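model_27.txt (compact mmCIF, C-alpha atoms) appears below.
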# COMPACT_ATOMS: atom_id res chain seq x y z
CA MET A 1 96.81 109.22 27.38
CA PRO A 2 96.49 110.41 31.00
CA LEU A 3 98.39 113.51 31.95
CA GLU A 4 101.25 112.83 34.26
CA ALA A 5 101.19 114.54 37.63
CA HIS A 6 104.04 116.97 37.91
CA GLU A 7 105.68 117.91 41.15
CA PRO A 8 105.33 121.56 42.15
CA ILE A 9 108.29 123.71 41.17
CA LYS A 10 110.47 124.64 44.10
CA ALA A 11 111.62 128.20 43.60
CA ILE A 12 115.06 128.77 45.08
CA PRO A 13 115.74 132.42 45.87
CA VAL A 14 118.85 133.90 44.27
CA ARG A 15 121.74 134.13 46.71
CA HIS A 16 123.25 137.57 46.89
CA THR A 17 126.67 136.75 48.30
CA GLY A 18 128.12 140.14 47.43
CA ARG A 19 125.38 141.93 49.37
CA TRP A 20 126.03 139.87 52.49
CA ILE A 21 129.78 140.50 52.24
CA ALA A 22 129.20 144.24 51.78
CA GLY A 23 126.79 144.25 54.72
CA ALA A 24 129.29 142.44 56.92
CA LEU A 25 132.00 144.97 56.00
CA VAL A 26 129.67 147.85 56.85
CA VAL A 27 128.86 146.29 60.22
CA LEU A 28 132.55 145.66 60.91
CA LEU A 29 133.58 149.22 60.02
CA THR A 30 130.70 150.66 62.05
CA PHE A 31 131.68 148.60 65.07
CA ALA A 32 135.33 149.65 64.71
CA ALA A 33 134.34 153.34 64.45
CA LEU A 34 132.05 153.13 67.50
CA TYR A 35 134.72 151.30 69.49
CA SER A 36 137.30 153.95 68.63
CA ILE A 37 134.97 156.82 69.49
CA THR A 38 133.87 155.35 72.82
CA THR A 39 137.30 154.22 74.00
CA ASN A 40 139.46 157.15 72.87
CA PRO A 41 139.96 159.28 76.01
CA ARG A 42 140.78 162.35 73.91
CA PHE A 43 137.10 162.72 73.03
CA GLU A 44 136.52 163.62 76.71
CA TRP A 45 132.91 162.44 76.85
CA ASP A 46 132.66 163.56 80.46
CA ILE A 47 133.13 167.16 79.27
CA VAL A 48 130.50 166.59 76.57
CA ARG A 49 128.02 165.40 79.22
CA GLN A 50 128.91 168.31 81.48
CA PHE A 51 128.15 171.01 78.91
CA PHE A 52 125.48 169.30 76.81
CA PHE A 53 122.66 170.80 78.90
CA SER A 54 124.53 173.96 79.83
CA SER A 55 122.40 177.11 80.02
CA ARG A 56 124.82 178.92 77.71
CA VAL A 57 124.52 176.16 75.13
CA PHE A 58 120.73 176.23 75.45
CA TYR A 59 120.74 180.00 74.93
CA GLY A 60 122.82 179.60 71.78
CA LEU A 61 120.54 176.80 70.54
CA GLY A 62 117.48 178.98 71.12
CA LEU A 63 119.02 181.85 69.18
CA THR A 64 119.95 179.46 66.36
CA LEU A 65 116.34 178.30 66.10
CA GLU A 66 115.13 181.90 66.25
CA LEU A 67 117.47 182.90 63.42
CA THR A 68 116.35 179.91 61.38
CA VAL A 69 112.64 180.61 61.77
CA ILE A 70 112.84 184.37 61.16
CA SER A 71 115.24 184.09 58.22
CA MET A 72 113.18 181.36 56.56
CA ALA A 73 109.98 183.37 57.08
CA ILE A 74 111.58 186.37 55.37
CA GLY A 75 113.04 184.17 52.65
CA ILE A 76 109.75 182.38 51.89
CA ALA A 77 107.60 185.55 51.93
CA LEU A 78 110.00 187.57 49.80
CA GLY A 79 110.75 184.56 47.60
CA ILE A 80 107.06 184.19 46.67
CA VAL A 81 106.91 187.88 45.74
CA LEU A 82 110.08 187.60 43.65
CA ALA A 83 108.81 184.46 41.91
CA VAL A 84 105.58 186.21 40.94
CA MET A 85 107.60 189.21 39.74
CA ARG A 86 109.84 186.94 37.64
CA LEU A 87 106.76 185.54 35.90
CA SER A 88 105.27 188.99 35.30
CA PRO A 89 104.74 190.02 31.65
CA ASN A 90 106.12 193.44 32.60
CA ALA A 91 109.78 193.44 31.56
CA LEU A 92 110.77 196.01 34.20
CA VAL A 93 109.21 194.02 37.05
CA SER A 94 110.59 190.73 35.78
CA GLY A 95 114.03 192.22 35.17
CA SER A 96 114.30 193.74 38.66
CA ALA A 97 113.43 190.37 40.23
CA TRP A 98 116.00 188.66 38.01
CA PHE A 99 118.67 191.17 39.06
CA TYR A 100 117.92 190.59 42.76
CA ILE A 101 118.18 186.83 42.36
CA TRP A 102 121.33 187.13 40.26
CA PHE A 103 123.05 189.39 42.79
CA PHE A 104 122.25 187.48 45.98
CA ARG A 105 122.95 184.08 44.46
CA GLY A 106 126.22 185.37 43.04
CA THR A 107 127.78 186.54 46.31
CA PRO A 108 128.72 184.28 49.26
CA VAL A 109 126.41 184.49 52.25
CA LEU A 110 129.42 185.04 54.54
CA VAL A 111 130.34 188.15 52.55
CA GLN A 112 126.75 189.38 52.86
CA ILE A 113 126.80 188.85 56.63
CA ILE A 114 129.99 190.89 57.02
CA PHE A 115 128.63 193.55 54.64
CA TRP A 116 125.42 194.05 56.61
CA PHE A 117 127.40 194.12 59.84
CA ASN A 118 129.44 197.03 58.43
CA ILE A 119 126.57 198.80 56.65
CA THR A 120 126.93 201.75 59.02
CA ALA A 121 130.17 202.65 57.26
CA LEU A 122 128.03 203.56 54.22
CA TYR A 123 124.91 204.83 55.99
CA PRO A 124 125.69 206.09 59.51
CA VAL A 125 122.21 207.62 59.66
CA ILE A 126 119.04 206.01 58.33
CA GLY A 127 115.99 208.16 57.62
CA TRP A 128 115.04 211.44 56.02
CA GLY A 129 114.98 214.97 57.40
CA ARG A 130 113.94 215.03 61.03
CA PHE A 131 113.05 211.36 61.04
CA THR A 132 116.48 209.83 61.27
CA LEU A 133 117.91 206.98 63.33
CA ASN A 134 121.43 206.07 64.29
CA ALA A 135 122.36 203.09 62.11
CA ASN A 136 124.61 201.64 64.82
CA ALA A 137 121.64 201.42 67.17
CA LEU A 138 119.30 200.09 64.48
CA ILE A 139 121.52 197.53 62.72
CA THR A 140 122.69 195.39 65.62
CA PRO A 141 124.66 192.20 64.95
CA LEU A 142 121.46 190.16 65.31
CA ILE A 143 119.56 192.37 62.84
CA ALA A 144 122.51 192.23 60.43
CA ALA A 145 122.46 188.43 60.64
CA ILE A 146 118.70 188.26 60.00
CA LEU A 147 118.93 190.64 57.04
CA ALA A 148 121.82 188.74 55.47
CA LEU A 149 120.30 185.28 55.94
CA GLY A 150 116.73 186.27 55.05
CA LEU A 151 117.53 188.32 51.95
CA ASN A 152 119.96 185.69 50.68
CA GLU A 153 117.44 182.90 51.23
CA ALA A 154 114.77 184.85 49.31
CA ALA A 155 116.81 184.53 46.12
CA TYR A 156 116.85 180.73 46.38
CA MET A 157 113.22 180.45 47.47
CA ALA A 158 112.18 182.58 44.50
CA GLU A 159 113.57 179.99 42.10
CA ILE A 160 112.00 177.15 44.08
CA VAL A 161 108.57 178.79 44.05
CA ARG A 162 108.90 179.72 40.37
CA ALA A 163 109.69 176.10 39.50
CA GLY A 164 106.65 174.98 41.49
CA ILE A 165 104.37 177.45 39.73
CA LEU A 166 105.66 176.41 36.30
CA SER A 167 105.01 172.75 37.16
CA VAL A 168 101.24 173.40 37.22
CA ASP A 169 99.57 172.94 33.86
CA GLU A 170 98.68 176.22 32.14
CA GLY A 171 95.19 174.92 31.53
CA GLN A 172 94.45 175.44 35.22
CA SER A 173 95.14 179.17 34.94
CA GLU A 174 93.23 179.43 31.66
CA ALA A 175 90.18 177.73 33.17
CA ALA A 176 90.31 180.06 36.20
CA SER A 177 90.61 183.08 33.92
CA ALA A 178 87.58 181.89 31.95
CA LEU A 179 85.63 181.81 35.21
CA GLY A 180 86.50 185.45 35.81
CA MET A 181 89.12 184.93 38.53
CA SER A 182 91.88 187.52 38.78
CA ARG A 183 95.53 186.58 38.28
CA LEU A 184 96.37 186.89 41.98
CA LEU A 185 93.27 184.97 43.03
CA THR A 186 94.13 182.23 40.56
CA LEU A 187 97.64 182.08 41.92
CA ARG A 188 96.46 181.89 45.53
CA ARG A 189 93.53 179.51 45.13
CA ILE A 190 94.47 177.35 42.15
CA VAL A 191 98.16 177.40 41.29
CA LEU A 192 100.02 177.56 44.62
CA PRO A 193 98.07 174.72 46.32
CA GLN A 194 98.98 172.42 43.41
CA ALA A 195 102.56 173.69 43.28
CA MET A 196 103.14 172.85 46.95
CA ARG A 197 103.97 169.25 46.05
CA VAL A 198 106.97 170.54 44.12
CA ILE A 199 107.82 173.42 46.47
CA ILE A 200 107.82 171.57 49.80
CA PRO A 201 110.79 169.15 49.34
CA PRO A 202 113.40 171.80 48.40
CA THR A 203 111.96 174.19 50.99
CA GLY A 204 112.52 171.57 53.67
CA ASN A 205 116.09 171.14 52.45
CA GLU A 206 116.59 174.91 52.53
CA THR A 207 115.30 175.03 56.12
CA ILE A 208 117.76 172.36 57.22
CA SER A 209 120.52 174.16 55.34
CA MET A 210 119.55 177.44 57.00
CA LEU A 211 119.85 175.85 60.44
CA LYS A 212 123.49 175.05 59.72
CA THR A 213 124.16 178.29 57.83
CA THR A 214 123.34 180.27 60.97
CA SER A 215 126.70 179.14 62.33
CA LEU A 216 128.32 181.65 59.94
CA VAL A 217 126.99 184.58 61.97
CA SER A 218 129.49 183.64 64.67
CA VAL A 219 131.96 185.82 62.74
CA ILE A 220 130.03 188.92 63.81
CA ALA A 221 129.75 187.77 67.44
CA VAL A 222 126.10 186.70 67.44
CA THR A 223 125.84 184.19 70.28
CA GLU A 224 124.13 181.38 68.41
CA LEU A 225 125.03 177.75 69.10
CA LEU A 226 128.50 177.69 67.56
CA TYR A 227 129.60 181.01 69.05
CA SER A 228 128.26 179.95 72.46
CA VAL A 229 130.49 176.88 72.54
CA GLN A 230 133.38 178.94 71.17
CA LEU A 231 133.06 181.27 74.15
CA ILE A 232 133.18 178.27 76.48
CA TYR A 233 136.20 176.53 74.95
CA SER A 234 138.08 179.82 74.67
CA VAL A 235 138.16 179.71 78.48
CA ASN A 236 138.59 176.01 79.31
CA TYR A 237 140.44 175.01 76.09
CA ARG A 238 138.24 171.92 75.62
CA THR A 239 137.76 172.58 71.90
CA ILE A 240 136.88 169.10 70.61
CA PRO A 241 134.32 168.18 73.32
CA LEU A 242 132.51 171.52 72.92
CA LEU A 243 132.42 171.16 69.15
CA ILE A 244 130.96 167.68 69.67
CA VAL A 245 128.24 169.24 71.86
CA ALA A 246 127.34 171.70 69.10
CA SER A 247 127.42 168.97 66.44
CA ILE A 248 125.09 166.68 68.41
CA TRP A 249 122.56 169.49 68.86
CA TYR A 250 122.72 170.33 65.15
CA ILE A 251 122.15 166.66 64.30
CA LEU A 252 119.22 166.35 66.72
CA VAL A 253 117.42 169.42 65.39
CA THR A 254 118.16 168.44 61.80
CA THR A 255 116.67 164.99 62.45
CA ILE A 256 113.50 166.53 63.86
CA LEU A 257 113.21 168.85 60.86
CA SER A 258 113.76 165.93 58.49
CA ILE A 259 110.94 163.94 60.10
CA GLY A 260 108.64 166.95 59.88
CA GLN A 261 109.58 167.45 56.24
CA PHE A 262 108.76 163.81 55.47
CA TYR A 263 105.24 164.03 56.86
CA ILE A 264 104.56 167.38 55.17
CA GLU A 265 105.69 165.93 51.85
CA ARG A 266 103.51 162.88 52.50
CA TYR A 267 100.51 165.14 53.16
CA TYR A 268 100.91 167.15 49.95
CA GLY A 269 101.72 164.01 47.97
CA ARG A 270 98.21 162.63 48.41
CA GLY A 271 96.60 161.93 45.06
CA ALA A 272 99.86 162.36 43.14
CA THR A 273 100.68 158.64 43.40
CA ARG A 274 98.63 155.49 43.85
CA SER A 275 100.06 154.86 47.29
CA LEU A 276 101.68 157.13 49.86
CA PRO A 277 105.36 156.60 50.70
CA ALA A 278 106.03 154.36 53.68
CA THR A 279 106.68 155.99 57.03
CA PRO A 280 110.05 155.41 58.76
CA LEU A 281 108.48 152.86 61.12
CA GLN A 282 106.93 151.00 58.20
CA LYS A 283 110.30 150.92 56.42
CA VAL A 284 112.02 149.52 59.53
CA ARG A 285 109.30 146.88 59.91
CA ARG A 286 109.60 145.83 56.26
CA PHE A 287 113.39 145.70 56.55
CA PHE A 288 113.28 143.25 59.47
CA ILE A 289 110.58 141.21 57.73
CA SER A 290 112.79 140.98 54.64
CA LEU A 291 115.70 139.79 56.81
CA THR A 292 113.51 137.16 58.43
CA ASN A 293 112.16 135.87 55.11
CA GLY A 294 115.49 136.11 53.32
CA VAL A 295 114.00 138.38 50.64
CA PRO A 296 115.77 141.69 49.88
CA SER A 297 113.71 144.78 50.67
CA HIS A 298 113.23 147.32 47.90
CA GLU A 299 111.63 150.01 50.08
Kindly transcribe the structure held in the file into structure tokens.
Amino acid sequence: MPLEAHEPIKAIPVRHTGRWIAGALVVLLTFAALYSITTNPRFEWDIVRQFFFSSRVFYGLGLTLELTVISMAIGIALGIVLAVMRLSPNALVSGSAWFYIWFFRGTPVLVQIIFWFNITALYPVIGWGRFTLNANALITPLIAAILALGLNEAAYMAEIVRAGILSVDEGQSEAASALGMSRLLTLRRIVLPQAMRVIIPPTGNETISMLKTTSLVSVIAVTELLYSVQLIYSVNYRTIPLLIVASIWYILVTTILSIGQFYIERYYGRGATRSLPATPLQKVRRFFISLTNGVPSHE
């Protein structure tokens, strides 16, 4: 008996009505928010444009970036040392690193900033014998801010680095030891390069967080971005527009750091997965293709 010819099956894609309704609500709310922001005269966008490229704002932005870079450098360097100390078989070394991490993670960074700013009340003179320095001249507000931010960040970076080191299989260290490599050489050449895949993402988050945490040093009159706009609106009383200026600059720098973090993560993620994560441009392209074809994007 001859086989009957069957018509090809026409696959009908599932209609996601709820998704389209949710998307329409998001678009509607976004449009309403943008309309309110652009038409409300109390935002004073002309003042925002006037001070957005102000030299005083640029100076504060530069100091914010400087604080971020220096504090993160101190935090990363000291954090690696503390992480290695925490993993030391010597109980005294491990215990001292644990105490440092416990203390700095247990006290608010704002308290630490104010404490370092007033450290001269405890030690008016720093040194020994003839070699002494006036603490007021040595611990300036900027130095106090760097010490507070850097030493506090080291406690968090120590735990991040320690987690990265522990993520590497112990067999790697055992094989290196069998080849006659020292513990430090093994850590530098074998363990840390493999741990970077785990260390990089939270380190990028800590860097972005540090950028915004620098605003706390305004309480000790360090003229970073926030304090710079505070000085301006204390004179012209345009508080909201100047805060918008600072917020936009924070968002711009944070966006740049986020893009850099993505590509660094992508670099160290090579070999860990079968395919590298899509770049932002690739995600946008796939999104519009999915809209055109009517197929939801899962990227």
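When all atoms listed in the file are used to measure the gap to Leu166 (chain A), the shortest distance among A:Arg285, A:Arg86, A:Arg42, A:Lys212 belongs to A:Arg86.
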Shortest interatomic distance to Thr64 (chain A) - which of A:Ile160, A:Ile232, A:Ala145, A:Leu192, counting only C-alpha atoms: A:Ala145
Selected residue of minimal separation from Ile200 (chain A) among A:Ile119, A:Ile264, A:Leu226, A:Ile114, counting all atoms listed in the file: A:Ile264
Proximity to Ser71 (chain A) - best of A:Val125, A:Ala163, A:Val57, A:Leu151, all atoms listed in the file: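 Residue with the minimum atom-to-atom distance to Ser71 (chain A): A:Leu151.
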Non-local contacts of region 100-111 of chain A (9 Å; all atoms listed in the file; under 2 positions in same chain excluded) as a ChimeraX atom specification: /A:82,95-98,113-116,148-149,151-156,158-159,213,216-217,219
Test item: residues at most 9 Å from Val253 (chain A), only C-alpha atoms, excluding those fewer than 4 positions along its chain, as a list in words: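 In the requested format, the answer is Leu65, Ile208, Leu211, Ile248, Trp249, Leu257 and Ser258 of chain A.
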Given 6 Å of margin on each side, can you work out the centre and size in Å (one decimal) of an axis-aligned box holding every listed atom of region 261-265 of chain A, as AutoDock Vina command-line options?
--center_x 107.1 --center_y 165.6 --center_z 54.4 --size_x 17.0 --size_y 15.6 --size_z 17.0
